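S.K.: The structure that follows is given in the form of structure tokens.
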Amino acid sequence: MTGVRKGLAKVEFALRWDPSPAGAPGSDLDIVAAVYGAADLYGAPVNLVHFGSRSPDGTITLNRESQTGQGFGFDEVMTFELDRMGSDLRRVVVGVVIQSVGADTGAAGRAKTFADIAGTGFRIREGHTDLAQSDFASVPSATAATVAEFTRDASGAWSFEVRLRGFDADPEEFARVMGGVR
């Protein structure tokens, strides 16, 4: 992983995981992006973008979505056009949540965690430059995790930091708490 990088314009967040073994319930990981306005940087998001939704201004787009992890390389991809976002939007938190799929449980009948899903990983890049690449090994017991935070400074330049933090939360609860004060 890398540290802070400033002056970002168009960034891609890509997520991967391996399909479940034959006969086992599937695993569905989803990218979630919460956008916060200048008036409340750590409160309720102004926009919440995930599968089945989009940003009203078209600056955040889910380009590829998978419900199984099948395919080559990265299974889900979300694009952030930070340079096109309104000046009142100052913070974007990106996370990943494990969705339930049928009888989607891990050991002992509990919700699946990152430890239950093989081959998890993410990549954040701008153009052809990788800004960060890692996995979820540091949050094995989590059912959701924040991964990155993009912030806009007073000059309007966007910067980025990896912020891998695990949560034991369902998708709805995760959407409410993912951008709270750390």
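Residue names in the structure tokens use chain letters A, B, ... in the order shown, residue numbers from 1 in each chain, and ligand numbers from 1 in the order shown.
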With a distance cut-off of 12 Å and only C-alpha atoms, select the neighbouring residues of Asp40 in chain A, excluding the residue or stretch itself and same-chain residues fewer than 3 positions from it, and output the selection as a compact mmCIF listing (two decimals) with all heavy atoms, in the first residue's frame.
M.R.:
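Full text of result20.txt as output:
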```txt
# COMPACT_ATOMS: atom_id res chain seq x y z
N VAL A 35 -20.35 9.73 -0.21
CA VAL A 35 -19.87 11.07 -0.54
C VAL A 35 -20.40 12.04 0.53
O VAL A 35 -21.60 12.04 0.83
CB VAL A 35 -20.36 11.51 -1.93
CG1 VAL A 35 -19.83 12.89 -2.29
CG2 VAL A 35 -19.96 10.47 -2.99
N TYR A 36 -19.49 12.87 1.06
CA TYR A 36 -19.84 13.79 2.14
C TYR A 36 -19.61 15.23 1.71
O TYR A 36 -18.62 15.55 1.05
CB TYR A 36 -19.00 13.48 3.39
CG TYR A 36 -19.24 12.09 3.89
CD1 TYR A 36 -18.52 11.01 3.40
CD2 TYR A 36 -20.24 11.83 4.82
CE1 TYR A 36 -18.77 9.71 3.83
CE2 TYR A 36 -20.50 10.54 5.26
CZ TYR A 36 -19.75 9.49 4.75
OH TYR A 36 -20.02 8.21 5.17
N GLY A 37 -20.54 16.08 2.11
CA GLY A 37 -20.46 17.50 1.79
C GLY A 37 -19.66 18.27 2.82
O GLY A 37 -19.41 17.79 3.93
N GLY A 43 -20.93 13.03 8.97
CA GLY A 43 -22.31 12.70 9.31
C GLY A 43 -22.93 11.78 8.27
O GLY A 43 -22.32 10.81 7.83
N ALA A 44 -24.13 12.12 7.86
CA ALA A 44 -24.84 11.33 6.85
C ALA A 44 -24.28 11.68 5.47
O ALA A 44 -24.05 12.85 5.16
CB ALA A 44 -26.34 11.64 6.89
N PRO A 45 -24.05 10.67 4.63
CA PRO A 45 -23.53 10.97 3.29
C PRO A 45 -24.56 11.72 2.44
O PRO A 45 -25.76 11.50 2.57
CB PRO A 45 -23.24 9.59 2.70
CG PRO A 45 -23.96 8.61 3.54
CD PRO A 45 -24.22 9.24 4.86
N VAL A 46 -24.06 12.59 1.59
CA VAL A 46 -24.88 13.31 0.62
C VAL A 46 -25.36 12.34 -0.45
O VAL A 46 -26.50 12.39 -0.89
CB VAL A 46 -24.09 14.48 -0.01
CG1 VAL A 46 -24.89 15.16 -1.10
CG2 VAL A 46 -23.66 15.46 1.05
N ASP A 88 -18.83 21.65 -3.40
CA ASP A 88 -19.33 21.43 -2.04
C ASP A 88 -19.11 20.01 -1.55
O ASP A 88 -19.27 19.72 -0.37
CB ASP A 88 -20.82 21.78 -1.95
CG ASP A 88 -21.67 20.94 -2.90
OD1 ASP A 88 -21.21 20.69 -4.04
OD2 ASP A 88 -22.77 20.55 -2.50
N LEU A 89 -18.70 19.09 -2.44
CA LEU A 89 -18.41 17.71 -2.07
C LEU A 89 -16.94 17.63 -1.71
O LEU A 89 -16.07 17.93 -2.52
CB LEU A 89 -18.78 16.75 -3.20
CG LEU A 89 -20.24 16.84 -3.64
CD1 LEU A 89 -20.50 15.92 -4.82
CD2 LEU A 89 -21.19 16.55 -2.49
N ARG A 90 -16.64 17.20 -0.47
CA ARG A 90 -15.27 17.30 0.04
C ARG A 90 -14.63 16.00 0.47
O ARG A 90 -13.44 15.95 0.70
CB ARG A 90 -15.24 18.25 1.24
CG ARG A 90 -15.67 19.65 0.94
CD ARG A 90 -14.63 20.32 0.04
NE ARG A 90 -15.02 21.64 -0.34
CZ ARG A 90 -14.66 22.73 0.29
NH1 ARG A 90 -13.89 22.65 1.34
NH2 ARG A 90 -15.07 23.91 -0.13
N ARG A 91 -15.43 14.92 0.58
CA ARG A 91 -14.87 13.67 1.10
C ARG A 91 -15.62 12.50 0.48
O ARG A 91 -16.84 12.52 0.38
CB ARG A 91 -15.04 13.67 2.62
CG ARG A 91 -14.49 12.47 3.33
CD ARG A 91 -14.53 12.73 4.85
NE ARG A 91 -14.13 11.55 5.56
CZ ARG A 91 -14.95 10.79 6.28
NH1 ARG A 91 -16.22 11.10 6.43
NH2 ARG A 91 -14.50 9.72 6.89
N GLY A 179 -18.47 6.18 7.22
CA GLY A 179 -17.77 7.46 7.13
C GLY A 179 -17.69 8.22 8.43
O GLY A 179 -17.28 9.38 8.43
N GLY A 180 -18.04 7.59 9.54
CA GLY A 180 -18.01 8.26 10.83
C GLY A 180 -16.59 8.60 11.26
O GLY A 180 -15.61 8.15 10.67
N VAL A 181 -16.49 9.40 12.28
CA VAL A 181 -15.19 9.80 12.81
C VAL A 181 -14.46 8.56 13.29
O VAL A 181 -15.02 7.71 13.96
CB VAL A 181 -15.37 10.80 13.98
CG1 VAL A 181 -14.02 11.18 14.56
CG2 VAL A 181 -16.09 12.04 13.48
```
S.K.: Extract, using only C-alpha atoms, all DNA, RNA and protein residues at most 7 Å from range 139-153 of chain A, discarding same-chain residues fewer than 6 positions from it, and format them as a PyMOL selection string.
M.R.: chain A and resi 90-98+112-115+159-169+174+178
S.K.: For the residues in that selection, give me N, CA and C atoms as a short mmCIF file (atom, residue, chain, number, x, y, z; two decimals), in the first residue's frame.
M.R.:
```cif
data_model
loop_
_atom_site.label_atom_id
_atom_site.label_comp_id
_atom_site.auth_asym_id
_atom_site.auth_seq_id
_atom_site.Cartn_x
_atom_site.Cartn_y
_atom_site.Cartn_z
N ARG A 90 -16.64 17.20 -0.47
CA ARG A 90 -15.27 17.30 0.04
C ARG A 90 -14.63 16.00 0.47
N ARG A 91 -15.43 14.92 0.58
CA ARG A 91 -14.87 13.67 1.10
C ARG A 91 -15.62 12.50 0.48
N VAL A 92 -14.87 11.47 0.08
CA VAL A 92 -15.45 10.23 -0.44
C VAL A 92 -14.78 9.08 0.28
N VAL A 93 -15.60 8.24 0.92
CA VAL A 93 -15.09 7.04 1.60
C VAL A 93 -15.54 5.84 0.78
N VAL A 94 -14.58 4.96 0.48
CA VAL A 94 -14.86 3.77 -0.32
C VAL A 94 -14.71 2.54 0.56
N GLY A 95 -15.69 1.65 0.47
CA GLY A 95 -15.66 0.43 1.26
C GLY A 95 -16.14 -0.76 0.48
N VAL A 96 -16.07 -1.90 1.13
CA VAL A 96 -16.51 -3.17 0.55
C VAL A 96 -17.36 -3.87 1.60
N VAL A 97 -18.49 -4.41 1.16
CA VAL A 97 -19.39 -5.13 2.07
C VAL A 97 -19.70 -6.50 1.48
N ILE A 98 -19.78 -7.50 2.34
CA ILE A 98 -20.14 -8.86 1.92
C ILE A 98 -21.66 -8.97 1.99
N LYS A 112 -20.82 -14.48 6.55
CA LYS A 112 -19.46 -14.65 6.02
C LYS A 112 -18.60 -13.45 6.36
N THR A 113 -17.33 -13.73 6.61
CA THR A 113 -16.33 -12.70 6.86
C THR A 113 -15.28 -12.77 5.76
N PHE A 114 -14.37 -11.82 5.75
CA PHE A 114 -13.31 -11.84 4.73
C PHE A 114 -12.45 -13.10 4.85
N ALA A 115 -12.32 -13.66 6.04
CA ALA A 115 -11.55 -14.90 6.22
C ALA A 115 -12.21 -16.08 5.51
N SER A 159 -6.87 14.46 -2.52
CA SER A 159 -5.80 13.58 -2.07
C SER A 159 -6.42 12.25 -1.63
N PHE A 160 -5.58 11.28 -1.39
CA PHE A 160 -6.02 9.92 -1.15
C PHE A 160 -5.18 9.27 -0.06
N GLU A 161 -5.84 8.46 0.76
CA GLU A 161 -5.15 7.63 1.74
C GLU A 161 -5.86 6.29 1.86
N VAL A 162 -5.09 5.23 2.01
CA VAL A 162 -5.67 3.92 2.31
C VAL A 162 -6.10 3.96 3.77
N ARG A 163 -7.32 3.53 4.04
CA ARG A 163 -7.85 3.49 5.40
C ARG A 163 -8.60 2.17 5.59
N LEU A 164 -7.86 1.08 5.65
CA LEU A 164 -8.46 -0.24 5.79
C LEU A 164 -8.88 -0.45 7.25
N ARG A 165 -10.20 -0.53 7.43
CA ARG A 165 -10.78 -0.69 8.77
C ARG A 165 -11.98 -1.63 8.68
N GLY A 166 -11.98 -2.68 9.48
CA GLY A 166 -13.05 -3.67 9.44
C GLY A 166 -14.24 -3.30 10.30
N PHE A 167 -15.41 -3.79 9.87
CA PHE A 167 -16.67 -3.59 10.58
C PHE A 167 -17.40 -4.92 10.66
N ASP A 168 -18.13 -5.15 11.72
CA ASP A 168 -19.04 -6.28 11.81
C ASP A 168 -20.44 -5.70 11.64
N ALA A 169 -20.83 -5.50 10.38
CA ALA A 169 -22.07 -4.79 10.09
C ALA A 169 -22.71 -5.35 8.83
N PHE A 174 -23.56 -0.73 7.69
CA PHE A 174 -22.27 -0.28 7.18
C PHE A 174 -22.40 1.06 6.45
N MET A 178 -19.88 3.85 7.96
CA MET A 178 -18.59 3.74 7.29
C MET A 178 -17.80 5.05 7.23
#
```
S.K.: Between CA of Phe51 in chain A and CA of Asp170 in chain A, what is the distance, to one decimal in Å?
M.R.: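 The value is 15.0 Å.
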S.K.: Just the strand (DSSP E) stuff from range 5-162 of chain A, please, per backbone DSSP, written as number ranges by chain.
M.R.: A: 5-8, 10-16, 28-37, 47-49, 60-64, 76-81, 89-99, 121-126, 129-134, 144-152, 158-162
S.K.: Distance CA of Ala175 in chain A-CA of Ala34 in chain A, one decimal place?
M.R.: 7.5 Å
S.K.: What is the CA of Val11 in chain A-CA of Tyr42 in chain A distance in Å, reported with one decimal?
M.R.: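 So the two atoms, CA of Val11 in chain A and CA of Tyr42 in chain A, lie 21.9 Å apart.
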S.K.: Mind checking which residues fall within 10 Å of range 73-87 of chain A, counting only C-alpha atoms, ignoring those fewer than 6 positions away in the same chain, and posting them as a CSV table (one decimal) with N, CA, C and O atoms, in the first residue's frame?
M.R.:
```csv
chain,number,residue,atom,x,y,z
A,7,GLY,N,-3.7,15.8,-5.9
A,7,GLY,CA,-3.9,16.2,-7.2
A,7,GLY,C,-4.6,15.2,-8.1
A,7,GLY,O,-4.3,15.1,-9.3
A,8,LEU,N,-5.4,14.3,-7.6
A,8,LEU,CA,-6.1,13.3,-8.3
A,8,LEU,C,-7.3,13.8,-9.1
A,8,LEU,O,-7.9,14.8,-8.8
A,9,ALA,N,-7.5,13.1,-10.3
A,9,ALA,CA,-8.6,13.6,-11.2
A,9,ALA,C,-9.6,12.4,-11.4
A,9,ALA,O,-10.8,12.5,-10.9
A,10,LYS,N,-9.2,11.4,-12.0
A,10,LYS,CA,-10.1,10.2,-12.3
A,10,LYS,C,-9.4,9.0,-11.8
A,10,LYS,O,-8.3,8.6,-12.2
A,11,VAL,N,-10.1,8.3,-10.8
A,11,VAL,CA,-9.5,7.2,-10.1
A,11,VAL,C,-10.4,6.0,-10.3
A,11,VAL,O,-11.7,6.1,-10.3
A,12,GLU,N,-9.8,4.8,-10.3
A,12,GLU,CA,-10.6,3.5,-10.5
A,12,GLU,C,-10.3,2.7,-9.2
A,12,GLU,O,-9.1,2.5,-8.8
A,13,PHE,N,-11.4,2.1,-8.6
A,13,PHE,CA,-11.3,1.2,-7.5
A,13,PHE,C,-11.7,-0.2,-8.1
A,13,PHE,O,-12.8,-0.3,-8.6
A,14,ALA,N,-10.9,-1.2,-8.0
A,14,ALA,CA,-11.2,-2.5,-8.5
A,14,ALA,C,-11.1,-3.5,-7.3
A,14,ALA,O,-10.2,-3.4,-6.5
A,15,LEU,N,-12.0,-4.5,-7.3
A,15,LEU,CA,-12.2,-5.5,-6.3
A,15,LEU,C,-12.2,-6.9,-6.9
A,15,LEU,O,-12.8,-7.1,-8.0
A,16,ARG,N,-11.5,-7.8,-6.2
A,16,ARG,CA,-11.5,-9.2,-6.7
A,16,ARG,C,-11.7,-10.1,-5.6
A,16,ARG,O,-11.4,-9.8,-4.4
A,17,TRP,N,-12.2,-11.3,-5.9
A,17,TRP,CA,-12.3,-12.4,-5.0
A,17,TRP,C,-12.5,-13.7,-5.8
A,17,TRP,O,-13.0,-13.6,-6.9
A,18,ASP,N,-12.2,-14.8,-5.2
A,18,ASP,CA,-12.4,-16.1,-5.9
A,18,ASP,C,-13.8,-16.6,-5.7
A,18,ASP,O,-14.4,-16.4,-4.6
A,29,LEU,N,-19.3,-9.8,-3.0
A,29,LEU,CA,-18.7,-8.6,-2.4
A,29,LEU,C,-19.2,-7.4,-3.2
A,29,LEU,O,-19.2,-7.5,-4.4
A,30,ASP,N,-19.5,-6.3,-2.6
A,30,ASP,CA,-19.9,-5.1,-3.3
A,30,ASP,C,-19.1,-3.9,-2.8
A,30,ASP,O,-18.8,-3.7,-1.6
A,31,ILE,N,-18.8,-3.0,-3.8
A,31,ILE,CA,-18.1,-1.7,-3.5
A,31,ILE,C,-19.2,-0.7,-3.1
A,31,ILE,O,-20.3,-0.7,-3.8
A,32,VAL,N,-18.9,0.0,-2.1
A,32,VAL,CA,-19.8,1.1,-1.6
A,32,VAL,C,-19.0,2.4,-1.5
A,32,VAL,O,-17.9,2.4,-1.0
A,33,ALA,N,-19.6,3.5,-2.1
A,33,ALA,CA,-18.9,4.8,-1.9
A,33,ALA,C,-19.9,5.7,-1.3
A,33,ALA,O,-21.0,5.9,-1.7
A,37,GLY,N,-20.5,16.1,2.1
A,37,GLY,CA,-20.5,17.5,1.8
A,37,GLY,C,-19.7,18.3,2.8
A,37,GLY,O,-19.4,17.8,3.9
A,38,ALA,N,-19.3,19.5,2.5
A,38,ALA,CA,-18.5,20.3,3.3
A,38,ALA,C,-19.2,20.6,4.7
A,38,ALA,O,-18.5,20.8,5.7
A,49,VAL,N,-23.3,5.4,-3.2
A,49,VAL,CA,-23.3,4.7,-4.5
A,49,VAL,C,-22.9,3.3,-4.3
A,49,VAL,O,-21.9,3.0,-3.6
A,50,HIS,N,-23.7,2.4,-4.8
A,50,HIS,CA,-23.4,0.9,-4.7
A,50,HIS,C,-24.2,0.3,-5.8
A,50,HIS,O,-24.8,0.9,-6.7
A,51,PHE,N,-24.1,-1.1,-5.9
A,51,PHE,CA,-24.9,-1.8,-6.9
A,51,PHE,C,-26.3,-1.4,-6.8
A,51,PHE,O,-26.9,-1.3,-5.8
A,55,SER,N,-24.4,7.9,-8.7
A,55,SER,CA,-24.3,9.3,-8.2
A,55,SER,C,-25.2,10.1,-9.1
A,55,SER,O,-25.2,9.9,-10.3
A,57,ASP,N,-24.9,13.1,-10.2
A,57,ASP,CA,-24.1,13.9,-11.1
A,57,ASP,C,-23.3,13.1,-12.1
A,57,ASP,O,-22.6,13.6,-13.0
A,58,GLY,N,-23.3,11.7,-12.0
A,58,GLY,CA,-22.6,10.8,-12.9
A,58,GLY,C,-21.1,10.8,-12.7
A,58,GLY,O,-20.4,10.2,-13.5
A,59,THR,N,-20.6,11.3,-11.6
A,59,THR,CA,-19.2,11.3,-11.3
A,59,THR,C,-18.7,10.0,-10.7
A,59,THR,O,-17.5,9.8,-10.7
A,60,ILE,N,-19.6,9.2,-10.2
A,60,ILE,CA,-19.2,7.9,-9.7
A,60,ILE,C,-20.0,6.8,-10.4
A,60,ILE,O,-21.2,6.8,-10.4
A,61,THR,N,-19.3,5.9,-11.0
A,61,THR,CA,-19.9,4.9,-11.9
A,61,THR,C,-19.4,3.5,-11.5
A,61,THR,O,-18.2,3.3,-11.4
A,62,LEU,N,-20.4,2.5,-11.4
A,62,LEU,CA,-20.0,1.1,-11.2
A,62,LEU,C,-19.9,0.6,-12.6
A,62,LEU,O,-20.9,0.4,-13.3
A,63,ASN,N,-18.7,0.3,-13.1
A,63,ASN,CA,-18.5,-0.1,-14.4
A,63,ASN,C,-18.6,-1.7,-14.6
A,63,ASN,O,-18.9,-2.1,-15.7
A,64,ARG,N,-18.3,-2.4,-13.6
A,64,ARG,CA,-18.3,-3.8,-13.6
A,64,ARG,C,-18.8,-4.4,-12.3
A,64,ARG,O,-18.4,-3.9,-11.2
A,65,GLU,N,-19.8,-5.3,-12.3
A,65,GLU,CA,-20.4,-5.9,-11.1
A,65,GLU,C,-20.4,-7.4,-11.2
A,65,GLU,O,-20.7,-7.9,-12.3
A,66,SER,N,-20.1,-8.0,-10.2
A,66,SER,CA,-20.1,-9.5,-10.1
A,66,SER,C,-20.9,-9.9,-8.8
A,66,SER,O,-20.8,-9.3,-7.8
A,67,GLN,N,-21.6,-11.0,-8.9
A,67,GLN,CA,-22.2,-11.6,-7.7
A,67,GLN,C,-21.6,-12.9,-7.3
A,67,GLN,O,-22.1,-13.5,-6.3
A,94,VAL,N,-14.6,5.0,0.5
A,94,VAL,CA,-14.9,3.8,-0.3
A,94,VAL,C,-14.7,2.5,0.6
A,94,VAL,O,-13.7,2.4,1.3
A,120,THR,N,-9.4,-12.5,-1.9
A,120,THR,CA,-9.9,-11.1,-1.9
A,120,THR,C,-8.7,-10.1,-2.1
A,120,THR,O,-7.6,-10.4,-1.7
A,121,GLY,N,-9.0,-9.0,-2.7
A,121,GLY,CA,-8.0,-8.0,-3.0
A,121,GLY,C,-8.6,-6.8,-3.6
A,121,GLY,O,-9.7,-6.8,-4.1
A,122,PHE,N,-7.9,-5.7,-3.6
A,122,PHE,CA,-8.3,-4.5,-4.2
A,122,PHE,C,-7.1,-3.8,-4.8
A,122,PHE,O,-6.0,-4.0,-4.5
A,123,ARG,N,-7.5,-2.9,-5.8
A,123,ARG,CA,-6.4,-2.1,-6.4
A,123,ARG,C,-7.1,-0.7,-6.7
A,123,ARG,O,-8.2,-0.6,-7.1
A,124,ILE,N,-6.3,0.3,-6.4
A,124,ILE,CA,-6.7,1.7,-6.6
A,124,ILE,C,-5.7,2.3,-7.6
A,124,ILE,O,-4.5,2.2,-7.3
A,125,ARG,N,-6.2,2.8,-8.7
A,125,ARG,CA,-5.3,3.4,-9.7
A,125,ARG,C,-5.8,4.6,-10.3
A,125,ARG,O,-7.0,4.8,-10.4
A,126,GLU,N,-4.9,5.4,-10.8
A,126,GLU,CA,-5.2,6.6,-11.6
A,126,GLU,C,-4.5,6.4,-13.0
A,126,GLU,O,-3.3,6.3,-13.0
A,150,PHE,N,-10.9,9.7,0.1
A,150,PHE,CA,-10.4,10.8,-0.8
A,150,PHE,C,-10.9,12.1,-0.2
A,150,PHE,O,-12.1,12.2,0.2
A,151,THR,N,-10.1,13.1,-0.1
A,151,THR,CA,-10.5,14.3,0.5
A,151,THR,C,-10.0,15.5,-0.4
A,151,THR,O,-9.0,15.4,-1.0
A,152,ARG,N,-10.8,16.5,-0.4
A,152,ARG,CA,-10.5,17.7,-1.1
A,152,ARG,C,-10.1,18.8,-0.2
A,152,ARG,O,-10.7,19.1,0.8
A,154,ALA,N,-8.6,23.0,0.5
A,154,ALA,CA,-9.2,24.3,0.2
A,154,ALA,C,-8.9,24.8,-1.2
A,154,ALA,O,-9.6,25.5,-1.8
A,156,GLY,N,-9.0,22.9,-3.8
A,156,GLY,CA,-9.8,22.1,-4.7
A,156,GLY,C,-9.1,20.8,-5.1
A,156,GLY,O,-9.7,20.0,-5.8
A,157,ALA,N,-7.9,20.6,-4.7
A,157,ALA,CA,-7.1,19.4,-5.1
A,157,ALA,C,-7.5,18.2,-4.2
A,157,ALA,O,-7.7,18.3,-3.0
A,158,TRP,N,-7.7,17.0,-4.8
A,158,TRP,CA,-8.1,15.8,-4.1
A,158,TRP,C,-6.9,15.0,-3.7
A,158,TRP,O,-5.9,14.9,-4.5
A,159,SER,N,-6.9,14.5,-2.5
A,159,SER,CA,-5.8,13.6,-2.1
A,159,SER,C,-6.4,12.3,-1.6
A,159,SER,O,-7.6,12.1,-1.5
```
